[in-house]
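Here is the file final_37.pdb (PDB, C-alpha atoms).
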```pdb
ATOM      1  CA  MET I 191     233.434 204.364  11.958
ATOM      2  CA  LEU I 192     233.762 206.265  15.245
ATOM      3  CA  VAL I 193     237.042 207.815  14.121
ATOM      4  CA  ARG I 194     235.594 208.581  10.695
ATOM      5  CA  GLN I 195     232.525 210.276  12.159
ATOM      6  CA  HIS I 196     234.651 212.316  14.563
ATOM      7  CA  LEU I 197     236.905 213.650  11.782
ATOM      8  CA  LEU I 198     233.994 214.405   9.454
ATOM      9  CA  THR I 199     232.208 216.267  12.257
ATOM     10  CA  LEU I 200     235.307 218.423  12.773
ATOM     11  CA  ASP I 201     235.740 219.053   9.047
ATOM     12  CA  PRO I 202     232.631 218.145   6.990
ATOM     13  CA  LYS I 203     233.981 219.436   3.659
ATOM     14  CA  GLY I 204     237.673 218.722   4.181
ATOM     15  CA  GLU I 205     238.488 222.427   3.941
ATOM     16  CA  ARG I 206     240.587 222.504   7.116
ATOM     17  CA  PHE I 207     242.415 219.332   6.114
ATOM     18  CA  ALA I 208     243.193 220.778   2.671
ATOM     19  CA  ARG I 209     244.463 224.015   4.212
ATOM     20  CA  VAL I 210     246.788 222.124   6.586
ATOM     21  CA  LEU I 211     248.283 220.182   3.670
ATOM     22  CA  ARG I 212     248.740 223.348   1.586
ATOM     23  CA  GLU I 213     250.405 225.130   4.494
ATOM     24  CA  THR I 214     252.604 222.132   5.335
ATOM     25  CA  ILE I 215     253.934 221.911   1.770
ATOM     26  CA  ASP I 216     254.591 225.666   1.808
ATOM     27  CA  GLN I 217     256.284 225.329   5.206
ATOM     28  CA  LEU I 218     258.665 222.728   3.774
ATOM     29  CA  LEU I 219     259.382 224.771   0.649
ATOM     30  CA  ASP I 220     260.142 227.807   2.878
ATOM     31  CA  GLY I 221     259.992 230.161  -0.097
ATOM     32  CA  GLU I 222     260.795 233.288   1.938
ATOM     33  CA  HIS I 223     264.272 231.970   2.712
ATOM     34  CA  THR I 224     264.925 229.624  -0.203
ATOM     35  CA  GLY I 225     262.932 230.956  -3.168
ATOM     36  CA  ARG I 226     261.678 227.386  -3.799
ATOM     37  CA  PHE I 227     258.185 226.547  -5.000
ATOM     38  CA  ASP I 228     258.631 223.037  -6.433
ATOM     39  CA  TRP I 229     258.383 219.904  -4.281
ATOM     40  CA  ASN I 230     261.033 218.277  -6.510
ATOM     41  CA  ASP I 231     263.586 220.835  -5.282
ATOM     42  CA  LEU I 232     263.328 219.607  -1.681
ATOM     43  CA  HIS I 233     266.149 217.541  -0.219
ATOM     44  CA  LYS I 234     265.401 213.895   0.535
ATOM     45  CA  THR I 235     265.532 214.541   4.293
ATOM     46  CA  GLU I 236     262.994 217.381   3.924
ATOM     47  CA  LYS I 237     260.603 215.124   2.014
ATOM     48  CA  THR I 238     261.000 212.484   4.729
ATOM     49  CA  HIS I 239     260.195 215.128   7.354
ATOM     50  CA  ALA I 240     256.894 215.912   5.607
ATOM     51  CA  GLY I 241     255.141 213.044   7.388
ATOM     52  CA  THR I 242     256.091 214.359  10.817
ATOM     53  CA  LEU I 243     254.951 217.882   9.932
ATOM     54  CA  VAL I 244     251.612 216.654   8.564
ATOM     55  CA  GLU I 245     251.042 214.635  11.741
ATOM     56  CA  ILE I 246     251.877 217.603  14.030
ATOM     57  CA  ASN I 247     249.968 220.202  12.015
ATOM     58  CA  LEU I 248     246.819 218.055  11.891
ATOM     59  CA  LEU I 249     247.061 217.445  15.640
ATOM     60  CA  ARG I 250     247.235 221.200  16.258
ATOM     61  CA  GLU I 251     244.520 222.142  13.750
ATOM     62  CA  PHE I 252     241.984 219.681  15.158
ATOM     63  CA  GLU I 253     243.220 219.825  18.787
ATOM     64  CA  LEU I 254     243.543 216.045  18.880
ATOM     65  CA  ALA I 255     244.876 214.208  21.909
ATOM     66  CA  SER I 256     248.121 212.281  21.573
ATOM     67  CA  GLY I 257     247.945 208.512  21.883
ATOM     68  CA  ALA I 258     249.993 206.448  24.319
ATOM     69  CA  ASP I 259     251.520 204.291  21.584
ATOM     70  CA  LEU I 260     250.386 205.936  18.353
ATOM     71  CA  ASP I 261     250.025 209.540  17.147
ATOM     72  CA  TYR I 262     246.444 210.350  18.120
ATOM     73  CA  LEU I 263     243.727 209.290  20.535
ATOM     74  CA  ILE I 264     240.346 209.794  18.831
ATOM     75  CA  GLU I 265     237.133 208.711  20.593
ATOM     76  CA  GLY I 266     239.342 206.628  22.906
ATOM     77  CA  ILE I 267     240.903 204.823  19.910
ATOM     78  CA  GLU I 268     244.628 204.921  19.067
ATOM     79  CA  VAL I 269     245.240 206.172  15.510
ATOM     80  CA  ASP I 270     248.540 206.409  13.630
ATOM     81  CA  CYS I 271     249.026 209.147  11.019
ATOM     82  CA  LYS I 272     250.838 208.155   7.841
ATOM     83  CA  TYR I 273     251.708 210.507   4.985
ATOM     84  CA  SER I 274     253.061 209.485   1.592
ATOM     85  CA  GLN I 275     254.150 211.413  -1.494
ATOM     86  CA  LYS I 276     252.750 208.519  -3.527
ATOM     87  CA  LEU I 277     249.152 207.323  -3.294
ATOM     88  CA  TYR I 278     249.035 203.951  -1.468
ATOM     89  CA  GLY I 279     252.742 204.291  -0.654
ATOM     90  CA  TRP I 280     252.277 204.518   3.129
ATOM     91  CA  MET I 281     254.862 202.771   5.309
ATOM     92  CA  ILE I 282     253.189 201.071   8.267
ATOM     93  CA  PRO I 283     255.428 200.517  11.334
ATOM     94  CA  PRO I 284     255.178 197.295  13.384
ATOM     95  CA  GLU I 285     253.545 199.116  16.329
ATOM     96  CA  ALA I 286     250.623 200.132  14.089
ATOM     97  CA  LEU I 287     249.800 196.577  12.959
ATOM     98  CA  ASP I 288     246.110 195.779  13.508
ATOM     99  CA  GLU I 289     245.508 199.398  14.516
ATOM    100  CA  ILE I 290     243.754 202.205  12.661
ATOM    101  CA  CYS I 291     245.887 204.416  10.425
ATOM    102  CA  LEU I 292     244.904 207.829   9.099
ATOM    103  CA  VAL I 293     246.526 207.646   5.649
ATOM    104  CA  VAL I 294     247.206 210.922   3.840
ATOM    105  CA  TRP I 295     248.510 211.794   0.374
ATOM    106  CA  ALA I 296     249.038 215.087  -1.445
ATOM    107  CA  ASP I 297     250.596 215.929  -4.795
ATOM    108  CA  ASP I 298     251.397 219.574  -5.507
ATOM    109  CA  HIS I 299     251.967 218.909  -9.212
ATOM    110  CA  GLN I 300     248.522 217.344  -9.596
ATOM    111  CA  SER I 301     246.921 219.766  -7.084
ATOM    112  CA  LEU I 302     245.154 216.820  -5.422
ATOM    113  CA  TRP I 303     245.029 215.276  -1.958
ATOM    114  CA  SER I 304     243.406 212.307  -0.254
ATOM    115  CA  ALA I 305     242.845 211.129   3.304
ATOM    116  CA  GLY I 306     241.316 207.891   4.523
ATOM    117  CA  LEU I 307     241.280 205.299   7.257
ATOM    118  CA  LEU I 308     242.845 201.869   7.134
ATOM    119  CA  ARG I 309     242.921 198.973   9.565
ATOM    120  CA  ALA I 310     246.513 197.740   9.218
ATOM    121  CA  ASN I 311     245.733 194.034   8.900
ATOM    122  CA  ARG I 312     249.070 192.192   8.795
ATOM    123  CA  ALA I 313     247.682 189.531   6.457
ATOM    124  CA  LYS I 314     246.919 192.201   3.883
ATOM    125  CA  LEU I 315     250.248 193.996   4.110
ATOM    126  CA  THR I 316     253.604 193.157   2.594
ATOM    127  CA  THR I 317     257.109 193.995   3.832
ATOM    128  CA  SER I 318     258.284 197.274   2.316
ATOM    129  CA  GLY I 319     261.280 195.768   0.589
ATOM    130  CA  THR I 320     263.483 198.657   1.671
ATOM    131  CA  VAL I 321     267.021 197.462   2.315
ATOM    132  CA  THR I 322     269.889 199.491   3.754
ATOM    133  CA  LYS I 323     273.503 199.229   2.613
ATOM    134  CA  LYS I 324     274.070 196.767   5.457
ATOM    135  CA  GLY I 325     271.227 194.604   4.216
ATOM    136  CA  ASN I 326     268.787 195.217   7.069
ATOM    137  CA  ARG I 327     265.120 195.646   6.252
ATOM    138  CA  ASP I 328     263.459 198.655   7.861
ATOM    139  CA  GLY I 329     260.760 196.517   9.461
ATOM    140  CA  LYS I 330     257.857 198.443   7.899
ATOM    141  CA  PHE I 331     254.952 197.239   5.784
ATOM    142  CA  ARG I 332     252.973 198.402   2.746
ATOM    143  CA  LEU I 333     249.410 197.814   1.670
ATOM    144  CA  THR I 334     249.379 195.184  -1.062
ATOM    145  CA  LYS I 335     248.020 196.277  -4.430
ATOM    146  CA  GLN I 336     245.061 193.902  -4.348
ATOM    147  CA  HIS I 337     243.962 195.387  -1.012
ATOM    148  CA  HIS I 338     243.908 199.098  -1.935
ATOM    149  CA  SER I 339     240.116 198.942  -1.593
ATOM    150  CA  LEU I 340     240.502 198.474   2.175
ATOM    151  CA  VAL I 341     241.029 202.216   2.563
ATOM    152  CA  THR I 342     237.855 203.956   3.725
ATOM    153  CA  TRP I 343     238.161 207.366   2.116
ATOM    154  CA  LEU I 344     237.235 210.502   3.981
ATOM    155  CA  TRP I 345     238.181 212.587   0.932
ATOM    156  CA  HIS I 346     239.615 211.065  -2.239
ATOM    157  CA  GLU I 347     241.515 213.080  -4.857
ATOM    158  CA  ALA I 348     240.062 216.345  -3.605
ATOM    159  CA  PRO I 349     241.415 219.622  -5.020
ATOM    160  CA  LEU I 350     244.497 221.095  -3.352
ATOM    161  CA  GLU I 351     244.885 224.879  -3.623
ATOM    162  CA  LYS I 352     247.064 225.427  -6.681
ATOM    163  CA  ASN I 353     250.688 226.444  -6.300
ATOM    164  CA  LEU I 354     250.613 229.413  -8.688
ATOM    165  CA  LEU I 355     254.345 229.603  -9.449
ATOM    166  CA  LEU I 356     254.450 225.880 -10.159
ATOM    167  CA  HIS I 357     251.462 225.892 -12.495
ATOM    168  CA  ILE I 358     251.935 228.989 -14.662
ATOM    169  CA  ASP I 359     253.328 228.214 -18.118
ATOM    170  CA  THR I 360     257.097 227.792 -18.416
ATOM    171  CA  GLU I 361     257.664 230.955 -20.445
ATOM    172  CA  THR I 362     255.852 233.118 -17.898
ATOM    173  CA  GLN I 363     257.530 231.353 -14.990
ATOM    174  CA  GLN I 364     261.013 231.957 -16.407
ATOM    175  CA  ALA I 365     260.220 235.593 -17.234
ATOM    176  CA  VAL I 366     259.122 236.175 -13.625
ATOM    177  CA  LEU I 367     262.097 234.383 -12.069
ATOM    178  CA  ASN I 368     264.631 236.095 -14.336
ATOM    179  CA  ALA I 369     263.129 239.569 -13.964
ATOM    180  CA  GLY I 370     265.274 240.440 -10.968
ATOM    181  CA  ALA I 371     268.533 239.095 -12.386
ATOM    182  CA  GLY I 372     269.948 242.519 -13.206
ATOM    183  CA  SER I 373     268.825 244.208  -9.987
ATOM    184  CA  ARG I 374     271.131 244.303  -6.993
ATOM    185  CA  ARG I 375     268.902 246.499  -4.856
ATOM    186  CA  SER I 376     265.547 244.727  -5.074
ATOM    187  CA  PRO I 377     265.396 241.691  -7.364
ATOM    188  CA  GLY I 378     262.266 240.608  -5.498
ATOM    189  CA  GLN I 379     260.463 243.791  -6.539
ATOM    190  CA  ALA I 380     261.307 243.204 -10.196
ATOM    191  CA  LYS I 381     259.986 239.634  -9.973
ATOM    192  CA  LEU I 382     256.725 240.742  -8.379
ATOM    193  CA  ASN I 383     256.261 243.509 -10.948
ATOM    194  CA  GLU I 384     256.674 240.935 -13.722
ATOM    195  CA  LEU I 385     254.260 238.532 -12.029
ATOM    196  CA  PHE I 386     251.478 241.113 -11.704
ATOM    197  CA  ARG I 387     252.193 242.299 -15.252
ATOM    198  CA  ARG I 388     251.957 238.824 -16.790
ATOM    199  CA  VAL I 389     249.615 236.904 -14.472
ATOM    200  CA  GLN I 390     246.447 238.983 -14.412
ATOM    201  CA  LYS I 391     242.901 238.140 -13.310
ATOM    202  CA  ARG I 392     244.216 235.414 -10.969
ATOM    203  CA  ARG I 393     244.448 235.458  -7.196
ATOM    204  CA  VAL I 394     248.040 235.714  -5.943
ATOM    205  CA  ASN I 395     248.458 234.692  -2.311
ATOM    206  CA  ARG I 396     250.970 235.716   0.346
ATOM    207  CA  THR I 397     253.091 232.614  -0.183
ATOM    208  CA  VAL I 398     253.800 233.594  -3.796
ATOM    209  CA  VAL I 399     254.691 237.151  -2.753
ATOM    210  CA  ARG I 400     256.887 235.861   0.067
ATOM    211  CA  THR I 401     258.706 233.450  -2.258
ATOM    212  CA  LEU I 402     259.475 236.099  -4.876
ATOM    213  CA  ALA I 403     260.240 238.971  -2.490
ATOM    214  CA  GLN I 404     262.360 236.906  -0.049
ATOM    215  CA  GLN I 405     262.232 239.504   2.716
ATOM    216  CA  LYS I 406     260.475 239.887   6.048
ATOM    217  CA  ASP I 407     258.084 242.717   5.145
ATOM    218  CA  TYR I 408     257.277 241.094   1.818
ATOM    219  CA  MET I 409     253.784 242.619   1.421
ATOM    220  CA  LYS I 410     255.259 246.113   1.108
ATOM    221  CA  ARG I 411     256.487 244.995  -2.324
ATOM    222  CA  VAL I 412     252.818 244.915  -3.413
ATOM    223  CA  ARG I 413     251.598 248.231  -1.985
ATOM    224  CA  TYR I 414     251.802 251.850  -3.074
ATOM    225  CA  ASN I 415     254.841 253.764  -1.744
ATOM    226  CA  GLY I 416     257.357 251.973  -3.915
ATOM    227  CA  GLY I 417     255.657 248.595  -4.387
ATOM    228  CA  ALA I 418     254.184 246.957  -7.496
ATOM    229  CA  ARG I 419     250.894 248.853  -7.113
ATOM    230  CA  GLU I 420     252.799 252.100  -7.716
ATOM    231  CA  LYS I 421     255.425 250.752 -10.128
ATOM    232  CA  LEU I 422     252.840 249.359 -12.556
ATOM    233  CA  ARG I 423     250.394 252.254 -12.386
ATOM    234  CA  ASN I 424     251.871 253.946 -15.475
ATOM    235  CA  GLU I 425     251.197 250.724 -17.421
ATOM    236  CA  GLY I 426     247.537 250.934 -16.450
ATOM    237  CA  ILE I 427     247.682 248.025 -14.024
ATOM    238  CA  LEU I 428     245.531 247.968 -10.879
ATOM    239  CA  ILE I 429     246.397 245.549  -8.071
ATOM    240  CA  CYS I 430     243.410 244.934  -5.797
ATOM    241  CA  GLY I 431     244.141 243.606  -2.314
ATOM    242  CA  ASP I 432     241.961 242.062   0.369
ATOM    243  CA  TYR I 433     240.617 245.362   1.741
ATOM    244  CA  PRO I 434     236.810 245.629   1.501
ATOM    245  CA  ASN I 435     236.943 248.564  -0.946
ATOM    246  CA  HIS I 436     239.526 246.770  -3.123
ATOM    247  CA  GLN I 437     237.318 243.674  -3.106
ATOM    248  CA  ALA I 438     234.413 245.846  -4.282
ATOM    249  CA  VAL I 439     236.509 247.151  -7.203
ATOM    250  CA  ALA I 440     237.505 243.596  -8.176
ATOM    251  CA  ALA I 441     233.886 242.417  -8.009
ATOM    252  CA  GLN I 442     232.631 245.313 -10.148
ATOM    253  CA  LEU I 443     235.302 244.601 -12.797
ATOM    254  CA  GLY I 444     234.257 240.929 -12.857
ATOM    255  CA  LEU I 445     237.551 239.694 -11.382
ATOM    256  CA  PRO I 446     238.128 236.884  -8.876
ATOM    257  CA  VAL I 447     237.664 238.648  -5.528
ATOM    258  CA  PRO I 448     240.886 238.529  -3.468
ATOM    259  CA  GLN I 449     240.481 236.836  -0.104
ATOM    260  CA  GLU I 450     242.648 237.310   2.995
ATOM    261  CA  GLY I 451     246.288 237.860   2.016
ATOM    262  CA  GLU I 452     245.535 237.768  -1.719
ATOM    263  CA  SER I 453     245.946 240.252  -4.574
ATOM    264  CA  VAL I 454     244.568 240.345  -8.127
ATOM    265  CA  SER I 455     245.965 242.482 -10.975
ATOM    266  CA  ILE I 456     244.237 243.817 -14.082
ATOM    267  CA  ARG I 457     245.134 246.340 -16.802
ATOM    268  CA  VAL I 458     242.421 248.965 -17.094
ATOM    269  CA  VAL I 459     241.504 251.822 -19.426
ATOM    270  CA  GLU I 460     238.901 254.530 -19.214
ATOM    271  CA  ALA I 461     235.602 253.231 -20.594
ATOM    272  CA  LYS I 462     234.923 254.166 -24.218
ATOM    273  CA  PRO I 463     231.990 253.424 -26.555
ATOM    274  CA  HIS I 464     233.559 250.189 -27.834
ATOM    275  CA  HIS I 465     233.623 248.905 -24.228
ATOM    276  CA  ASP I 466     229.834 248.898 -23.981
ATOM    277  CA  GLY I 467     228.592 245.893 -22.038
ATOM    278  CA  GLN I 468     231.862 245.379 -20.108
ATOM    279  CA  PRO I 469     231.843 245.460 -16.302
ATOM    280  CA  ARG I 470     233.030 248.859 -15.079
ATOM    281  CA  VAL I 471     233.992 250.650 -11.884
ATOM    282  CA  LEU I 472     233.914 254.332 -10.917
ATOM    283  CA  LEU I 473     237.324 255.586  -9.757
ATOM    284  CA  GLU I 474     238.512 259.200  -9.657
ATOM    285  CA  ASP I 475     235.118 260.288 -11.090
ATOM    286  CA  ARG I 476     235.614 258.236 -14.262
ATOM    287  CA  TYR I 477     234.490 254.791 -15.337
ATOM    288  CA  TRP I 478     237.164 252.153 -15.947
ATOM    289  CA  VAL I 479     237.030 248.740 -17.615
ATOM    290  CA  ALA I 480     239.416 245.834 -18.170
ATOM    291  CA  ALA I 481     241.631 246.754 -21.132
ATOM    292  CA  ARG I 482     241.365 244.842 -24.370
ATOM    293  CA  PRO I 483     244.642 243.697 -25.986
ATOM    294  CA  ASP I 484     244.488 246.474 -28.578
ATOM    295  CA  ASP I 485     243.706 249.262 -26.096
ATOM    296  CA  PRO I 486     246.704 251.610 -25.633
ATOM    297  CA  GLU I 487     248.144 251.949 -22.135
ATOM    298  CA  GLU I 488     246.661 254.596 -19.860
ATOM    299  CA  ARG I 489     247.833 255.557 -16.388
ATOM    300  CA  ALA I 490     245.668 253.650 -13.915
ATOM    301  CA  PRO I 491     243.561 255.503 -11.337
ATOM    302  CA  LEU I 492     244.337 255.263  -7.658
ATOM    303  CA  LEU I 493     242.421 252.623  -5.747
ATOM    304  CA  PRO I 494     240.196 253.811  -2.865
ATOM    305  CA  GLU I 495     241.718 254.482   0.539
ATOM    306  CA  THR I 496     242.251 251.298   2.520
ATOM    307  CA  LYS I 497     241.910 252.726   6.019
ATOM    308  CA  LYS I 498     238.131 252.986   5.913
ATOM    309  CA  LYS I 499     235.483 250.615   4.632
ATOM    310  CA  THR I 500     234.068 251.285   1.215
ATOM    311  CA  SER I 501     230.546 252.539   0.602
ATOM    312  CA  SER I 502     228.265 250.651  -1.739
ATOM    313  CA  SER I 503     229.001 253.192  -4.512
ATOM    314  CA  ASP I 504     232.733 252.373  -4.427
TER     315      ASP I 504
END
```
Written as structure tokens, that's how I'd like the structure from this file.
Amino acid sequence: MLVRQHLLTLDPKGERFARVLRETIDQLLDGEHTGRFDWNDLHKTEKTHAGTLVEINLLREFELASGADLDYLIEGIEVDCKYSQKLYGWMIPPEALDEICLVVWADDHQSLWSAGLLRANRAKLTTSGTVTKKGNRDGKFRLTKQHHSLVTWLWHEAPLEKNLLLHIDTETQQAVLNAGAGSRRSPGQAKLNELFRRVQKRRVNRTVVRTLAQQKDYMKRVRYNGGAREKLRNEGILICGDYPNHQAVAAQLGLPVPQEGESVSIRVVEAKPHHDGQPRVLLEDRYWVAARPDDPEERAPLLPETKKKTSSSD
């Protein structure tokens, strides 16, 4: 209970924990260098390494002390951190028997995560059953099925920030990934253009941009001056970023407001009588609304300058 109270005091809503897990999965996928966004595309050794990364990243996020024998020292109590890709699949090492384990699970396909505490009672564990080619057991233990209730949950099946590229429909996903196939100069730009064209009114974070662009200055592929914001302007598409005046435009159009590192796209047209009642925004001295499917394309207005904060009328 001391360990539980300490962790809940540090993170009452589990928001920091959820962010660490999201960032750790993205760290393993390493989209900037590999273009990967699906956990199933990781090598076995990378998946095995996930546990170590989760342990280290949680230690850094919460500034926990390291234990003498186990991973953490919390309120003077040794705690071992165990991560599994499968709920209740944690492998408990012999040195953690009868000690407290922080057990963690996350599933990017389900967009869920859990974390709880478990006293690793040997009588309620079973040998893992893992056997090497030489026939030696790995000496680790699992929680038996009938004792799953021994886990004291801190957060159970809480929402994990969605992996956008993984969760868009297959047709859209393939269209985005194949968009840059014919481009030698900047396939990443073509992919991002297709993403913002097809996936509108949804927040797109830096990780998605990094994965598609696969370059160091990946955010320039979103901006004006040659990026998607300029390339899609003739199609009537606005791409709002995380600048205060862009956020104001998104809010006035009734869009999800982009947070730090995020962008949101929308096709707009100049407001006409049949758009009465729709949210609208004043840009370039004209009112603009989200386009309806049957509205013809119009060149989008320029978004406000990003170097200065917007006024309330923006």
- Item | Result set, the PyMOL selection byres ((chain I and resi 248-259) around 12) on current file, as an MDAnalysis selection string | chainID I and resid 193 196:201 204:214 241:247 260:273 283:287 289:290 292 294 305
Selected residues written out, C-alpha atoms, as a short mmCIF file (atom, residue, chain, number, x, y, z; two decimals), in the frame of the given file:
```
data_model
loop_
_atom_site.label_atom_id
_atom_site.label_comp_id
_atom_site.auth_asym_id
_atom_site.auth_seq_id
_atom_site.Cartn_x
_atom_site.Cartn_y
_atom_site.Cartn_z
CA VAL I 193 237.04 207.82 14.12
CA HIS I 196 234.65 212.32 14.56
CA LEU I 197 236.90 213.65 11.78
CA LEU I 198 233.99 214.40 9.45
CA THR I 199 232.21 216.27 12.26
CA LEU I 200 235.31 218.42 12.77
CA ASP I 201 235.74 219.05 9.05
CA GLY I 204 237.67 218.72 4.18
CA GLU I 205 238.49 222.43 3.94
CA ARG I 206 240.59 222.50 7.12
CA PHE I 207 242.42 219.33 6.11
CA ALA I 208 243.19 220.78 2.67
CA ARG I 209 244.46 224.02 4.21
CA VAL I 210 246.79 222.12 6.59
CA LEU I 211 248.28 220.18 3.67
CA ARG I 212 248.74 223.35 1.59
CA GLU I 213 250.40 225.13 4.49
CA THR I 214 252.60 222.13 5.34
CA GLY I 241 255.14 213.04 7.39
CA THR I 242 256.09 214.36 10.82
CA LEU I 243 254.95 217.88 9.93
CA VAL I 244 251.61 216.65 8.56
CA GLU I 245 251.04 214.64 11.74
CA ILE I 246 251.88 217.60 14.03
CA ASN I 247 249.97 220.20 12.02
CA LEU I 260 250.39 205.94 18.35
CA ASP I 261 250.02 209.54 17.15
CA TYR I 262 246.44 210.35 18.12
CA LEU I 263 243.73 209.29 20.54
CA ILE I 264 240.35 209.79 18.83
CA GLU I 265 237.13 208.71 20.59
CA GLY I 266 239.34 206.63 22.91
CA ILE I 267 240.90 204.82 19.91
CA GLU I 268 244.63 204.92 19.07
CA VAL I 269 245.24 206.17 15.51
CA ASP I 270 248.54 206.41 13.63
CA CYS I 271 249.03 209.15 11.02
CA LYS I 272 250.84 208.16 7.84
CA TYR I 273 251.71 210.51 4.99
CA PRO I 283 255.43 200.52 11.33
CA PRO I 284 255.18 197.30 13.38
CA GLU I 285 253.54 199.12 16.33
CA ALA I 286 250.62 200.13 14.09
CA LEU I 287 249.80 196.58 12.96
CA GLU I 289 245.51 199.40 14.52
CA ILE I 290 243.75 202.20 12.66
CA LEU I 292 244.90 207.83 9.10
CA VAL I 294 247.21 210.92 3.84
CA ALA I 305 242.84 211.13 3.30
#
```
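Taking atom CA of Gln390 of chain I and atom CA of His465 of chain I as the two end points, the separation is 19.0 Å.
Atom CA of Pro446 of chain I is found 18.0 Å from atom CA of Pro349 of chain I.
Of the residues under consideration (I:Pro486, I:Trp280, I:Trp295, I:Leu356), I:Trp280 shows the shortest atom-to-atom contact distance to Leu333 of chain I when counting all atoms listed in the file.
A straight line drawn from atom CA of Ser301 of chain I to atom CA of Thr342 of chain I is 21.2 Å long.
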